[in-house]
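**Student:** You'll find run.tsv just under this line, and it carries TSV, C-alpha atoms.
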```tsv
chain	number	residue	atom	x	y	z
A	28	MET	CA	0.00	0.00	0.00
A	29	PRO	CA	1.30	3.52	-0.80
A	30	SER	CA	2.33	5.32	2.38
A	31	ALA	CA	0.41	8.51	1.53
A	32	LYS	CA	-3.28	8.78	2.39
A	33	GLN	CA	-5.74	9.06	-0.46
A	34	GLN	CA	-8.53	11.64	-0.47
A	35	ILE	CA	-11.44	10.87	-2.82
A	36	ARG	CA	-13.87	13.55	-3.96
A	37	PHE	CA	-16.56	13.88	-6.65
A	38	CYS	CA	-17.39	16.46	-9.28
A	39	THR	CA	-20.03	16.60	-12.01
A	40	SER	CA	-19.46	16.94	-15.74
A	41	PRO	CA	-21.57	19.35	-17.84
A	42	ASP	CA	-23.76	16.41	-18.98
A	43	GLY	CA	-24.44	15.31	-15.41
A	44	VAL	CA	-21.94	12.46	-14.95
A	45	ARG	CA	-20.42	12.15	-11.46
A	46	LEU	CA	-16.66	11.74	-11.69
A	47	ALA	CA	-14.53	10.41	-8.82
A	48	TYR	CA	-11.04	11.83	-8.36
A	49	GLY	CA	-8.37	11.11	-5.79
A	50	THR	CA	-5.29	12.93	-4.53
A	51	THR	CA	-2.24	11.61	-2.71
A	52	GLY	CA	1.01	13.16	-1.52
A	53	THR	CA	2.02	16.78	-1.13
A	54	GLY	CA	3.86	19.30	-3.25
A	55	PRO	CA	3.23	20.68	-6.73
A	56	PRO	CA	0.46	18.94	-8.69
A	57	LEU	CA	0.97	16.07	-11.13
A	58	VAL	CA	-2.17	15.06	-13.03
A	59	LYS	CA	-2.77	11.63	-14.56
A	60	VAL	CA	-5.34	11.26	-17.33
A	61	ALA	CA	-7.84	8.46	-16.69
A	62	ASN	CA	-7.70	5.22	-18.67
A	63	TRP	CA	-10.40	2.60	-19.12
A	64	LEU	CA	-9.21	0.07	-16.52
A	65	SER	CA	-9.16	2.01	-13.27
A	66	HIS	CA	-10.74	1.95	-9.84
A	67	LEU	CA	-9.46	4.54	-7.36
A	68	GLU	CA	-9.99	2.29	-4.34
A	69	PHE	CA	-9.10	-1.11	-5.84
A	70	ASP	CA	-5.93	0.24	-7.50
A	71	TRP	CA	-4.70	1.48	-4.11
A	72	ASN	CA	-3.53	-1.94	-2.88
A	73	SER	CA	-2.85	-3.55	-6.24
A	74	PRO	CA	0.41	-5.26	-7.25
A	75	VAL	CA	0.14	-3.57	-10.67
A	76	TRP	CA	-0.61	0.08	-9.79
A	77	ARG	CA	0.49	0.67	-6.19
A	78	HIS	CA	4.15	1.39	-7.06
A	79	TRP	CA	3.00	3.98	-9.63
A	80	ILE	CA	0.87	5.70	-6.99
A	81	ALA	CA	3.59	5.57	-4.32
A	82	GLU	CA	6.40	6.92	-6.51
A	83	LEU	CA	4.38	9.63	-8.25
A	84	SER	CA	3.06	10.84	-4.87
A	85	ARG	CA	6.54	11.08	-3.39
A	86	ASP	CA	7.30	14.64	-4.53
A	87	HIS	CA	3.91	15.76	-5.86
A	88	THR	CA	0.24	16.03	-5.10
A	89	TYR	CA	-0.73	13.23	-7.48
A	90	LEU	CA	-4.20	13.63	-8.98
A	91	ARG	CA	-5.95	10.75	-10.75
A	92	TYR	CA	-9.58	9.99	-11.53
A	93	ASP	CA	-11.90	7.25	-12.77
A	94	GLU	CA	-13.29	8.09	-16.17
A	95	ARG	CA	-16.99	7.96	-16.92
A	96	GLY	CA	-18.22	4.39	-16.91
A	97	CYS	CA	-15.36	3.18	-14.69
A	98	GLY	CA	-14.51	2.59	-11.04
A	99	LEU	CA	-16.16	4.99	-8.60
A	100	SER	CA	-17.44	7.30	-11.33
A	101	ASP	CA	-20.96	6.84	-12.76
A	102	TRP	CA	-21.36	3.74	-14.93
A	103	GLU	CA	-24.65	4.70	-16.60
A	104	VAL	CA	-23.65	7.65	-18.77
A	105	PRO	CA	-25.32	9.44	-21.69
A	106	GLU	CA	-22.23	9.49	-23.89
A	107	GLN	CA	-18.93	7.71	-24.43
A	108	SER	CA	-16.74	9.63	-26.87
A	109	PHE	CA	-13.26	11.07	-27.18
A	110	GLU	CA	-14.68	14.58	-26.73
A	111	ALA	CA	-16.48	13.52	-23.55
A	112	TRP	CA	-13.20	12.12	-22.17
A	113	VAL	CA	-11.37	15.40	-22.84
A	114	HIS	CA	-14.21	17.37	-21.24
A	115	ASP	CA	-14.06	15.09	-18.18
A	116	LEU	CA	-10.37	15.90	-17.72
A	117	GLU	CA	-11.24	19.60	-17.97
A	118	THR	CA	-13.96	19.12	-15.32
A	119	VAL	CA	-11.64	17.34	-12.87
A	120	VAL	CA	-8.87	19.93	-13.27
A	121	VAL	CA	-11.29	22.76	-12.50
A	122	ALA	CA	-12.83	20.91	-9.53
A	123	ALA	CA	-9.39	20.12	-8.07
A	124	GLY	CA	-8.32	23.76	-8.40
A	125	VAL	CA	-4.95	23.08	-10.02
A	126	GLU	CA	-3.57	25.87	-12.16
A	127	ARG	CA	-0.46	24.65	-14.00
A	128	PHE	CA	0.92	21.13	-13.87
A	129	PRO	CA	2.73	18.28	-15.61
A	130	LEU	CA	0.24	15.95	-17.32
A	131	LEU	CA	0.71	12.17	-17.52
A	132	GLY	CA	-1.08	10.14	-20.20
A	133	ILE	CA	-0.78	6.35	-20.16
A	134	SER	CA	-2.09	4.18	-23.03
A	135	GLN	CA	-5.55	5.54	-23.99
A	136	GLY	CA	-4.78	8.54	-21.76
A	137	ALA	CA	-2.02	9.69	-24.12
A	138	PRO	CA	-4.22	11.02	-26.96
A	139	ILE	CA	-6.54	12.63	-24.38
A	140	ALA	CA	-3.49	14.32	-22.81
A	141	ILE	CA	-2.35	15.54	-26.24
A	142	ALA	CA	-5.76	17.07	-26.97
A	143	TYR	CA	-5.91	18.74	-23.55
A	144	ALA	CA	-2.36	20.14	-23.84
A	145	VAL	CA	-3.20	21.71	-27.20
A	146	ARG	CA	-6.45	23.22	-25.93
A	147	HIS	CA	-4.96	24.42	-22.64
A	148	PRO	CA	-1.29	25.35	-23.13
A	149	GLU	CA	-1.59	27.72	-20.16
A	150	LYS	CA	-2.32	24.71	-17.91
A	151	VAL	CA	0.17	22.05	-19.02
A	152	SER	CA	3.81	22.73	-18.13
A	153	HIS	CA	5.19	19.30	-19.17
A	154	LEU	CA	3.68	16.34	-21.00
A	155	ILE	CA	4.61	12.72	-20.19
A	156	LEU	CA	3.23	9.97	-22.44
A	157	HIS	CA	3.70	6.26	-21.73
A	158	GLY	CA	2.68	3.35	-23.94
A	159	GLY	CA	0.52	5.74	-25.89
A	160	TYR	CA	-0.72	6.20	-29.42
A	161	ALA	CA	-2.05	8.90	-31.70
A	162	ARG	CA	-4.16	6.52	-33.80
A	163	GLY	CA	-6.70	3.97	-32.65
A	164	ARG	CA	-6.52	0.47	-34.10
A	165	LEU	CA	-8.97	1.23	-36.90
A	166	LYS	CA	-7.23	4.50	-37.86
A	167	ARG	CA	-3.97	2.76	-38.74
A	168	ASN	CA	-3.19	1.09	-42.06
A	169	VAL	CA	-5.06	-2.05	-41.05
A	170	THR	CA	-5.43	-5.27	-42.99
A	171	PRO	CA	-8.79	-7.11	-43.12
A	172	LEU	CA	-7.40	-9.53	-40.52
A	173	GLN	CA	-6.39	-6.71	-38.17
A	174	ARG	CA	-9.82	-5.14	-38.56
A	175	LYS	CA	-11.40	-8.48	-37.65
A	176	GLU	CA	-9.13	-8.73	-34.59
A	177	ALA	CA	-10.28	-5.29	-33.40
A	178	GLU	CA	-13.91	-6.26	-33.85
A	179	THR	CA	-13.29	-9.53	-32.01
A	180	MET	CA	-11.92	-7.63	-29.00
A	181	VAL	CA	-15.22	-5.77	-28.74
A	182	GLU	CA	-17.16	-9.04	-28.98
A	183	LEU	CA	-14.99	-10.66	-26.31
A	184	ALA	CA	-15.69	-7.78	-23.94
A	185	GLU	CA	-19.43	-7.99	-24.55
A	186	MET	CA	-19.54	-11.77	-24.05
A	187	GLY	CA	-17.15	-12.44	-21.20
A	188	TRP	CA	-16.22	-9.32	-19.24
A	189	GLY	CA	-18.56	-9.79	-16.30
A	190	LYS	CA	-18.34	-13.58	-15.92
A	191	GLU	CA	-16.90	-15.16	-12.78
A	192	ASN	CA	-14.67	-17.30	-15.01
A	193	ALA	CA	-11.75	-15.05	-15.97
A	194	ALA	CA	-10.88	-16.86	-19.21
A	195	PHE	CA	-12.19	-14.05	-21.44
A	196	ARG	CA	-10.53	-11.29	-19.40
A	197	GLN	CA	-7.23	-13.20	-19.34
A	198	PHE	CA	-6.88	-12.37	-23.04
A	199	PHE	CA	-6.60	-8.69	-22.16
A	200	THR	CA	-4.46	-9.34	-19.07
A	201	THR	CA	-1.75	-11.09	-21.09
A	202	GLN	CA	-1.60	-8.07	-23.40
A	203	PHE	CA	-1.17	-5.59	-20.54
A	204	ILE	CA	1.26	-7.56	-18.33
A	205	PRO	CA	2.54	-10.64	-20.23
A	206	ASP	CA	5.44	-11.03	-17.75
A	207	GLY	CA	3.26	-10.67	-14.66
A	208	THR	CA	3.16	-13.14	-11.78
A	209	SER	CA	0.13	-15.32	-11.02
A	210	GLU	CA	-0.85	-12.83	-8.29
A	211	GLN	CA	-0.67	-9.92	-10.72
A	212	TYR	CA	-2.70	-11.88	-13.28
A	213	ARG	CA	-5.41	-12.63	-10.71
A	214	TRP	CA	-5.55	-9.01	-9.63
A	215	PHE	CA	-5.73	-7.61	-13.16
A	216	ASN	CA	-8.44	-10.10	-14.13
A	217	GLU	CA	-10.46	-8.98	-11.09
A	218	LEU	CA	-9.83	-5.28	-11.83
A	219	GLN	CA	-11.43	-5.70	-15.22
A	220	ARG	CA	-14.52	-7.31	-13.70
A	221	ILE	CA	-15.12	-4.72	-10.98
A	222	SER	CA	-13.96	-1.61	-12.85
A	223	THR	CA	-16.71	-1.54	-15.47
A	224	SER	CA	-19.58	-3.43	-17.07
A	225	PRO	CA	-19.33	-5.64	-20.20
A	226	GLN	CA	-21.40	-3.09	-22.13
A	227	ASN	CA	-19.14	-0.22	-21.09
A	228	ALA	CA	-15.99	-2.20	-21.84
A	229	ALA	CA	-17.23	-2.77	-25.38
A	230	ARG	CA	-18.16	0.93	-25.79
A	231	PHE	CA	-14.72	1.98	-24.56
A	232	LEU	CA	-13.01	-0.24	-27.12
A	233	GLN	CA	-15.19	1.02	-29.96
A	234	VAL	CA	-14.32	4.65	-29.18
A	235	MET	CA	-10.62	3.91	-28.66
A	236	HIS	CA	-10.39	2.15	-32.02
A	237	GLY	CA	-11.52	5.38	-33.75
A	238	ILE	CA	-9.18	7.87	-32.01
A	239	ASP	CA	-6.97	10.00	-34.25
A	240	VAL	CA	-4.94	12.96	-32.94
A	241	THR	CA	-2.24	12.87	-35.62
A	242	ALA	CA	-3.30	16.31	-36.91
A	243	LEU	CA	-3.43	17.71	-33.37
A	244	ALA	CA	-0.10	16.44	-31.99
A	245	PRO	CA	2.14	18.90	-33.92
A	246	ALA	CA	0.42	21.74	-32.05
A	247	VAL	CA	1.71	20.60	-28.63
A	248	SER	CA	3.95	23.43	-27.36
A	249	CYS	CA	5.21	22.20	-23.97
A	250	PRO	CA	8.27	20.00	-23.29
A	251	THR	CA	7.26	16.39	-23.94
A	252	LEU	CA	8.69	13.04	-22.90
A	253	VAL	CA	7.47	9.90	-24.68
A	254	LEU	CA	8.31	6.50	-23.16
A	255	HIS	CA	7.39	3.16	-24.71
A	256	PRO	CA	8.23	-0.50	-23.98
A	257	ASN	CA	10.12	-1.87	-26.97
A	258	ASN	CA	8.10	-5.10	-27.04
A	259	ASP	CA	4.78	-3.74	-25.85
A	260	ALA	CA	2.14	-6.41	-26.41
A	261	ARG	CA	-0.80	-4.00	-26.23
A	262	VAL	CA	0.31	-0.89	-28.19
A	263	SER	CA	3.02	-1.40	-30.76
A	264	PHE	CA	6.41	0.28	-30.36
A	265	ASP	CA	5.96	1.92	-33.78
A	266	GLU	CA	2.90	3.78	-32.51
A	267	GLY	CA	4.99	5.23	-29.68
A	268	ARG	CA	7.65	6.30	-32.17
A	269	LEU	CA	4.96	7.96	-34.27
A	270	VAL	CA	3.70	9.98	-31.30
A	271	ALA	CA	7.22	11.22	-30.53
A	272	SER	CA	7.83	12.14	-34.18
A	273	LEU	CA	4.61	14.18	-34.39
A	274	ILE	CA	5.21	16.37	-31.31
A	275	PRO	CA	7.84	19.09	-31.90
A	276	GLY	CA	10.96	18.53	-29.83
A	277	ALA	CA	9.59	15.47	-28.01
A	278	ARG	CA	12.20	13.18	-26.46
A	279	PHE	CA	11.66	9.46	-27.04
A	280	VAL	CA	12.78	6.82	-24.51
A	281	PRO	CA	12.59	3.11	-25.45
A	282	LEU	CA	12.14	0.80	-22.44
A	283	GLU	CA	13.31	-2.81	-22.31
A	284	SER	CA	10.03	-4.55	-21.50
A	285	ARG	CA	7.13	-6.56	-22.88
A	286	ASN	CA	4.70	-5.13	-20.32
A	287	HIS	CA	2.35	-2.38	-21.37
A	288	LEU	CA	2.12	-1.40	-17.69
A	289	LEU	CA	5.56	-1.56	-16.10
A	290	LEU	CA	5.83	-3.79	-13.04
A	291	GLU	CA	7.73	-2.80	-9.91
A	292	GLU	CA	10.30	-5.59	-10.03
A	293	GLU	CA	11.47	-5.05	-13.62
A	294	PRO	CA	14.52	-2.84	-14.45
A	295	ALA	CA	12.45	-0.83	-16.96
A	296	TRP	CA	10.45	0.64	-14.06
A	297	GLN	CA	13.56	2.17	-12.48
A	298	HIS	CA	14.61	3.44	-15.91
A	299	TRP	CA	11.16	5.03	-16.31
A	300	LEU	CA	11.40	6.75	-12.91
A	301	GLU	CA	14.87	8.11	-13.61
A	302	GLU	CA	13.80	9.59	-16.94
A	303	VAL	CA	10.61	11.13	-15.59
A	304	ARG	CA	12.29	12.64	-12.52
A	305	ALA	CA	15.04	14.13	-14.68
A	306	PHE	CA	12.42	15.56	-17.04
A	307	LEU	CA	10.19	17.22	-14.46
A	308	PRO	CA	11.15	20.57	-12.88
A	309	ALA	CA	13.03	20.43	-9.59
A	310	VAL	CA	10.52	20.12	-6.76
A	311	SER	CA	12.49	20.75	-3.59
A	312	THR	CA	13.90	24.24	-3.19
A	313	GLY	CA	15.14	23.54	0.34
A	314	GLY	CA	16.98	26.51	1.81
A	315	SER	CA	18.07	27.87	-1.56
A	316	VAL	CA	17.29	31.34	-2.84
A	317	PHE	CA	14.42	29.81	-4.83
A	318	ALA	CA	12.56	29.05	-1.59
A	319	ALA	CA	11.67	32.76	-1.39
A	320	LEU	CA	9.81	32.64	-4.72
A	321	THR	CA	6.05	32.25	-4.97
A	322	ALA	CA	4.56	29.32	-6.89
A	323	ARG	CA	3.84	31.61	-9.85
A	324	GLU	CA	7.39	32.99	-9.78
A	325	ARG	CA	8.80	29.44	-9.85
A	326	GLU	CA	6.63	28.77	-12.92
A	327	LEU	CA	8.25	31.76	-14.61
A	328	VAL	CA	11.73	30.62	-13.55
A	329	GLU	CA	11.07	27.24	-15.18
A	330	LEU	CA	10.07	28.92	-18.45
A	331	ILE	CA	12.97	31.38	-18.31
A	332	ALA	CA	15.36	28.46	-17.78
A	333	GLN	CA	13.87	26.80	-20.88
A	334	GLY	CA	14.88	29.88	-22.88
A	335	ARG	CA	11.38	31.32	-23.34
A	336	ASP	CA	11.10	35.07	-23.97
A	337	ASN	CA	8.56	37.36	-22.28
A	338	ALA	CA	6.03	37.13	-25.10
A	339	GLN	CA	6.11	33.32	-25.06
A	340	ILE	CA	5.74	33.25	-21.27
A	341	ALA	CA	2.81	35.66	-21.42
A	342	ALA	CA	1.07	33.48	-24.02
A	343	LEU	CA	1.69	30.22	-22.13
A	344	LEU	CA	0.49	31.57	-18.78
A	345	ALA	CA	-2.28	33.78	-20.21
A	346	LEU	CA	-0.73	36.87	-18.61
A	347	SER	CA	-0.17	40.39	-19.92
A	348	ASP	CA	3.32	41.45	-20.97
A	349	LYS	CA	3.35	43.98	-18.13
A	350	THR	CA	2.50	41.32	-15.53
A	351	VAL	CA	5.30	39.12	-16.82
A	352	ARG	CA	7.77	42.01	-16.62
A	353	ASN	CA	6.69	42.75	-13.04
A	354	HIS	CA	7.12	39.11	-12.02
A	355	ILE	CA	10.58	38.98	-13.59
A	356	THR	CA	11.65	42.16	-11.80
A	357	SER	CA	10.59	40.56	-8.51
A	358	ILE	CA	12.38	37.31	-9.37
A	359	PHE	CA	15.65	39.06	-10.24
A	360	ALA	CA	15.53	40.96	-6.94
A	361	LYS	CA	14.93	37.82	-4.89
A	362	LEU	CA	17.62	35.85	-6.74
A	363	GLU	CA	19.98	38.82	-6.54
A	364	VAL	CA	20.81	38.72	-10.24
A	365	GLU	CA	21.15	41.62	-12.66
A	366	ASN	CA	19.96	40.11	-15.91
A	367	ARG	CA	18.27	37.19	-17.63
A	368	SER	CA	21.50	35.33	-18.45
A	369	GLN	CA	22.52	35.23	-14.79
A	370	ALA	CA	19.03	34.05	-13.82
A	371	ILE	CA	19.16	31.24	-16.40
A	372	VAL	CA	22.53	29.98	-15.17
A	373	LEU	CA	21.38	30.03	-11.54
A	374	ALA	CA	18.06	28.33	-12.37
A	375	ARG	CA	19.60	25.57	-14.47
A	376	ASP	CA	22.16	24.85	-11.76
A	377	ALA	CA	19.23	24.37	-9.37
A	378	GLY	CA	17.52	21.89	-11.73
A	379	PHE	CA	15.06	24.11	-13.58
A	380	GLY	CA	14.62	24.02	-17.35
A	381	LYS	CA	15.52	20.38	-17.99
A	382	ARG	CA	14.48	18.69	-21.26
A	383	THR	CA	13.50	21.81	-23.12
A	384	SER	CA	11.46	21.50	-26.27
```
Since I need it in another form, could you write the structure as structure tokens?

**Tutor:**
Amino acid sequence: MPSAKQQIRFCTSPDGVRLAYGTTGTGPPLVKVANWLSHLEFDWNSPVWRHWIAELSRDHTYLRYDERGCGLSDWEVPEQSFEAWVHDLETVVVAAGVERFPLLGISQGAPIAIAYAVRHPEKVSHLILHGGYARGRLKRNVTPLQRKEAETMVELAEMGWGKENAAFRQFFTTQFIPDGTSEQYRWFNELQRISTSPQNAARFLQVMHGIDVTALAPAVSCPTLVLHPNNDARVSFDEGRLVASLIPGARFVPLESRNHLLLEEEPAWQHWLEEVRAFLPAVSTGGSVFAALTARERELVELIAQGRDNAQIAALLALSDKTVRNHITSIFAKLEVENRSQAIVLARDAGFGKRTS
């Protein structure tokens, strides 16, 4: 079990769907986009997700939520669509009161994260995508056999998702964690059963198969890190490469694994953590001169360290040029520097501005 306590709250989407969201840890926010196999409470003690929760809550207030039709959110919903999923992320962000944050998209969450980052560049400081794709299965150059396989997945979900016998669900489990232990298999099979209904599982798959954000991805403007297992059994490695090639300046990190969801005991998990922690802005300011800065001023320092000019900062943070200039004057005084070049050197030495786009 993660050491941090989880706080679960609810908010309501514009079309009346109750969405459950949970927060753990303390510090600056880190938001995870929902994906179709989630349950805020059941994930908490799981041998597949608990290390993700524990590590991502270590230095941040980690925010995650169950999407419509899943987990503790409403199961009976008026609409399942890509647009509804993006709107649900918008709803949760507003309800949680977070202003600017790194955004994590895993698997199906990756294209949702891309769409949100393009629509809300003032909100997303950094984008992390794992095991993701820009194109659903039926938006790729599919053969008739591959199309039939996609349709069969939907039929399998409709026929066997809710049965006590896990044989049908095991098909999906071996795609997500082929190198899992028997305990992890049992848990993931059970997660599928309790996280959503057979009808919802089929609807999720149908929508996911039709996703296409290839035209949207080039408009992402924040620093982006794309990580993908090199032998991913659920989403092909080539799809991860495509995502990284579409987003300007994105850094691509191959991971040595067959698991779509990295397991705690495999070396790829430690590799993933190292890359993500190096990519994100420094969290702890300790007793340094940066401790005197406000949260907004630290946001500006991060952007200054990335080499952004005042106009770019104003656009990203939805501020006026004058407000940006005033903030920078205050920052320079607190850091005791005379110009931008000195501020950049000091900030980068303290860990700001890593992995610029």

**Student:** Neighbouring residues of Leu320 (chain A) were defined as those with any atom within 9 Å, considering all atoms listed in the file; residues of the same chain fewer than 2 positions away were excluded. Please report them as a list in words.

**Tutor:**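 In the requested format, the answer is Val316, Phe317, Ala318, Ala322, Arg323, Glu324, Arg325, Ser357, Ile358, Lys361 and Leu362 of chain A.
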
**Student:** Skip region 222-234 of chain A itself and residues of its chain fewer than 2 positions away, then list as an NGL selection string all residues within 9 Å of it, counting all atoms listed in the file.

**Tutor:** :A and (63-66 or 69 or 96-99 or 102-103 or 107-109 or 163 or 177-178 or 180-189 or 217-220 or 236-238)

**Student:** I need the chosen residues saved as a compact mmCIF listing (two decimals), keeping the file's coordinate frame, with C-alpha atoms.

**Tutor:**
```
# COMPACT_ATOMS: atom_id res chain seq x y z
CA TRP A 63 -10.40 2.60 -19.12
CA LEU A 64 -9.21 0.07 -16.52
CA SER A 65 -9.16 2.01 -13.27
CA HIS A 66 -10.74 1.95 -9.84
CA PHE A 69 -9.10 -1.11 -5.84
CA GLY A 96 -18.22 4.39 -16.91
CA CYS A 97 -15.36 3.18 -14.69
CA GLY A 98 -14.51 2.59 -11.04
CA LEU A 99 -16.16 4.99 -8.60
CA TRP A 102 -21.36 3.74 -14.93
CA GLU A 103 -24.65 4.70 -16.60
CA GLN A 107 -18.93 7.71 -24.43
CA SER A 108 -16.74 9.63 -26.87
CA PHE A 109 -13.26 11.07 -27.18
CA GLY A 163 -6.70 3.97 -32.65
CA ALA A 177 -10.28 -5.29 -33.40
CA GLU A 178 -13.91 -6.26 -33.85
CA MET A 180 -11.92 -7.63 -29.00
CA VAL A 181 -15.22 -5.77 -28.74
CA GLU A 182 -17.16 -9.04 -28.98
CA LEU A 183 -14.99 -10.66 -26.31
CA ALA A 184 -15.69 -7.78 -23.94
CA GLU A 185 -19.43 -7.99 -24.55
CA MET A 186 -19.54 -11.77 -24.05
CA GLY A 187 -17.15 -12.44 -21.20
CA TRP A 188 -16.22 -9.32 -19.24
CA GLY A 189 -18.56 -9.79 -16.30
CA GLU A 217 -10.46 -8.98 -11.09
CA LEU A 218 -9.83 -5.28 -11.83
CA GLN A 219 -11.43 -5.70 -15.22
CA ARG A 220 -14.52 -7.31 -13.70
CA HIS A 236 -10.39 2.15 -32.02
CA GLY A 237 -11.52 5.38 -33.75
CA ILE A 238 -9.18 7.87 -32.01
```

**Student:** For a cutoff of 12 Å around the file-coordinate point (8.1, 9.3, -36.1), which residues qualify once you count only C-alpha atoms? I'd like the result as a PyMOL selection string.

**Tutor:** chain A and resi 160-161+241+244-245+253+264-279

**Student:** Report the distance between CA of His255 (chain A) and CA of Gly158 (chain A) in Å, rounded to one decimal place.

**Tutor:**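 These atoms are spaced 4.8 Å apart.
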
**Student:** Taking all atoms listed in the file into account, name the residue in A:Val58, A:Ile35, A:Ile204, A:Val372 that is nearest to Leu289 (chain A).

**Tutor:**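 Between A:Val58, A:Ile35, A:Ile204, A:Val372, the residue approaching Leu289 (chain A) most closely is A:Ile204.
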
**Student:** Determine, counting all atoms listed in the file, which protein, DNA and RNA residues have an atom within 8 Å of an atom of Ala137 (chain A); residues of the same chain fewer than 3 positions away are not included. Present the result as a list in words.

**Tutor:**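 Returned residues: Val60, Leu131, Gly132, Ile133, Ser134, Ala140, Ile141, Leu156, His157, Gly158, Gly159, Tyr160 and Ala161 of chain A.
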
**Student:** Out of A:Tyr212, A:Lys59, A:Ala370, A:Leu327, which residue has the shortest atom-to-atom distance to Val351 (chain A) when counting all atoms listed in the file?

**Tutor:** A:Leu327

**Student:** Quick one: residues within 10 Å of region 329-345 of chain A, all atoms listed in the file, excluding same-chain residues fewer than 2 positions away - as a ChimeraX atom specification?

**Tutor:** /A:126-127,147-152,248-250,308-309,323-327,347-352,355,367-368,370-376,378-384

**Student:** With C-alpha atoms retained, export the selected residues as a short mmCIF file (atom, residue, chain, number, x, y, z; two decimals), in the coordinates of the input.

**Tutor:**
```
data_model
loop_
_atom_site.label_atom_id
_atom_site.label_comp_id
_atom_site.auth_asym_id
_atom_site.auth_seq_id
_atom_site.Cartn_x
_atom_site.Cartn_y
_atom_site.Cartn_z
CA GLU A 126 -3.57 25.87 -12.16
CA ARG A 127 -0.46 24.65 -14.00
CA HIS A 147 -4.96 24.42 -22.64
CA PRO A 148 -1.29 25.35 -23.13
CA GLU A 149 -1.59 27.72 -20.16
CA LYS A 150 -2.32 24.71 -17.91
CA VAL A 151 0.17 22.05 -19.02
CA SER A 152 3.81 22.73 -18.13
CA SER A 248 3.95 23.43 -27.36
CA CYS A 249 5.21 22.20 -23.97
CA PRO A 250 8.27 20.00 -23.29
CA PRO A 308 11.15 20.57 -12.88
CA ALA A 309 13.03 20.43 -9.59
CA ARG A 323 3.84 31.61 -9.85
CA GLU A 324 7.39 32.99 -9.78
CA ARG A 325 8.80 29.44 -9.85
CA GLU A 326 6.63 28.77 -12.92
CA LEU A 327 8.25 31.76 -14.61
CA SER A 347 -0.17 40.39 -19.92
CA ASP A 348 3.32 41.45 -20.97
CA LYS A 349 3.35 43.98 -18.13
CA THR A 350 2.50 41.32 -15.53
CA VAL A 351 5.30 39.12 -16.82
CA ARG A 352 7.77 42.01 -16.62
CA ILE A 355 10.58 38.98 -13.59
CA ARG A 367 18.27 37.19 -17.63
CA SER A 368 21.50 35.33 -18.45
CA ALA A 370 19.03 34.05 -13.82
CA ILE A 371 19.16 31.24 -16.40
CA VAL A 372 22.53 29.98 -15.17
CA LEU A 373 21.38 30.03 -11.54
CA ALA A 374 18.06 28.33 -12.37
CA ARG A 375 19.60 25.57 -14.47
CA ASP A 376 22.16 24.85 -11.76
CA GLY A 378 17.52 21.89 -11.73
CA PHE A 379 15.06 24.11 -13.58
CA GLY A 380 14.62 24.02 -17.35
CA LYS A 381 15.52 20.38 -17.99
CA ARG A 382 14.48 18.69 -21.26
CA THR A 383 13.50 21.81 -23.12
CA SER A 384 11.46 21.50 -26.27
#
```

**Student:** Suppose you want the space between CA of Ser40 (chain A) and CA of Val120 (chain A); what is it in Å?

**Tutor:** 11.3 Å

**Student:** In Å to one decimal, how far is CA of Pro55 (chain A) from CA of Arg85 (chain A)?

**Tutor:**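 It comes out at 10.7 Å.
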
**Student:** Which one is closest to Glu301 (chain A): A:Leu83, A:Leu288, A:Leu116, A:Thr321? Count all atoms listed in the file.

**Tutor:** A:Leu83

**Student:** Taking all atoms of region 330-338 of chain A that appear in the file, build a box with edges along x, y and z, extend it by 5 Å on every side, and state its centre and edge lengths in Å to one decimal, as AutoDock Vina command-line options.

**Tutor:**
```
--center_x 10.7 --center_y 32.1 --center_z -21.4 --size_x 19.3 --size_y 20.6 --size_z 17.3
```

**Student:** In terms of the shortest atom-to-atom distance over only C-alpha atoms, which of A:Glu302, A:Asp259, A:Glu293, A:Glu94 is closest to Val280 (chain A)?

**Tutor:** A:Glu302

**Student:** Using only C-alpha atoms, pick whichever of A:Asp239, A:Asp206, A:Asp93, A:Glu176 has the shortest atom-to-atom distance to Ser284 (chain A).

**Tutor:**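 For Ser284 (chain A), the nearest of the given residues is A:Asp206.
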
**Student:** Which of these, A:Ser73, A:Asn168, A:Gln173, A:Thr50, has the shortest distance to Val119 (chain A) once you count only C-alpha atoms?

**Tutor:**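 Smallest separation from Val119 (chain A) among the options: A:Thr50.
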
**Student:** Identify the residues around (-11.0, 10.4, -23.1) within a radius of 8 Å, measuring from all atoms listed in the file in the coordinates stated by the file, and give them as a PDB file with C-alpha atoms, in the frame of the given file.

**Tutor:**
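Ended up saving to point29.pdb:
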```
ATOM      1  CA  ALA A  61      -7.840   8.460 -16.690  1.00  0.00           C
ATOM      2  CA  ASN A  62      -7.700   5.220 -18.670  1.00  0.00           C
ATOM      3  CA  GLU A  94     -13.290   8.090 -16.170  1.00  0.00           C
ATOM      4  CA  SER A 108     -16.740   9.630 -26.870  1.00  0.00           C
ATOM      5  CA  PHE A 109     -13.260  11.070 -27.180  1.00  0.00           C
ATOM      6  CA  GLU A 110     -14.680  14.580 -26.730  1.00  0.00           C
ATOM      7  CA  ALA A 111     -16.480  13.520 -23.550  1.00  0.00           C
ATOM      8  CA  TRP A 112     -13.200  12.120 -22.170  1.00  0.00           C
ATOM      9  CA  VAL A 113     -11.370  15.400 -22.840  1.00  0.00           C
ATOM     10  CA  HIS A 114     -14.210  17.370 -21.240  1.00  0.00           C
ATOM     11  CA  ASP A 115     -14.060  15.090 -18.180  1.00  0.00           C
ATOM     12  CA  LEU A 116     -10.370  15.900 -17.720  1.00  0.00           C
ATOM     13  CA  GLN A 135      -5.550   5.540 -23.990  1.00  0.00           C
ATOM     14  CA  GLY A 136      -4.780   8.540 -21.760  1.00  0.00           C
ATOM     15  CA  PRO A 138      -4.220  11.020 -26.960  1.00  0.00           C
ATOM     16  CA  ILE A 139      -6.540  12.630 -24.380  1.00  0.00           C
TER      17      ILE A 139
END
```
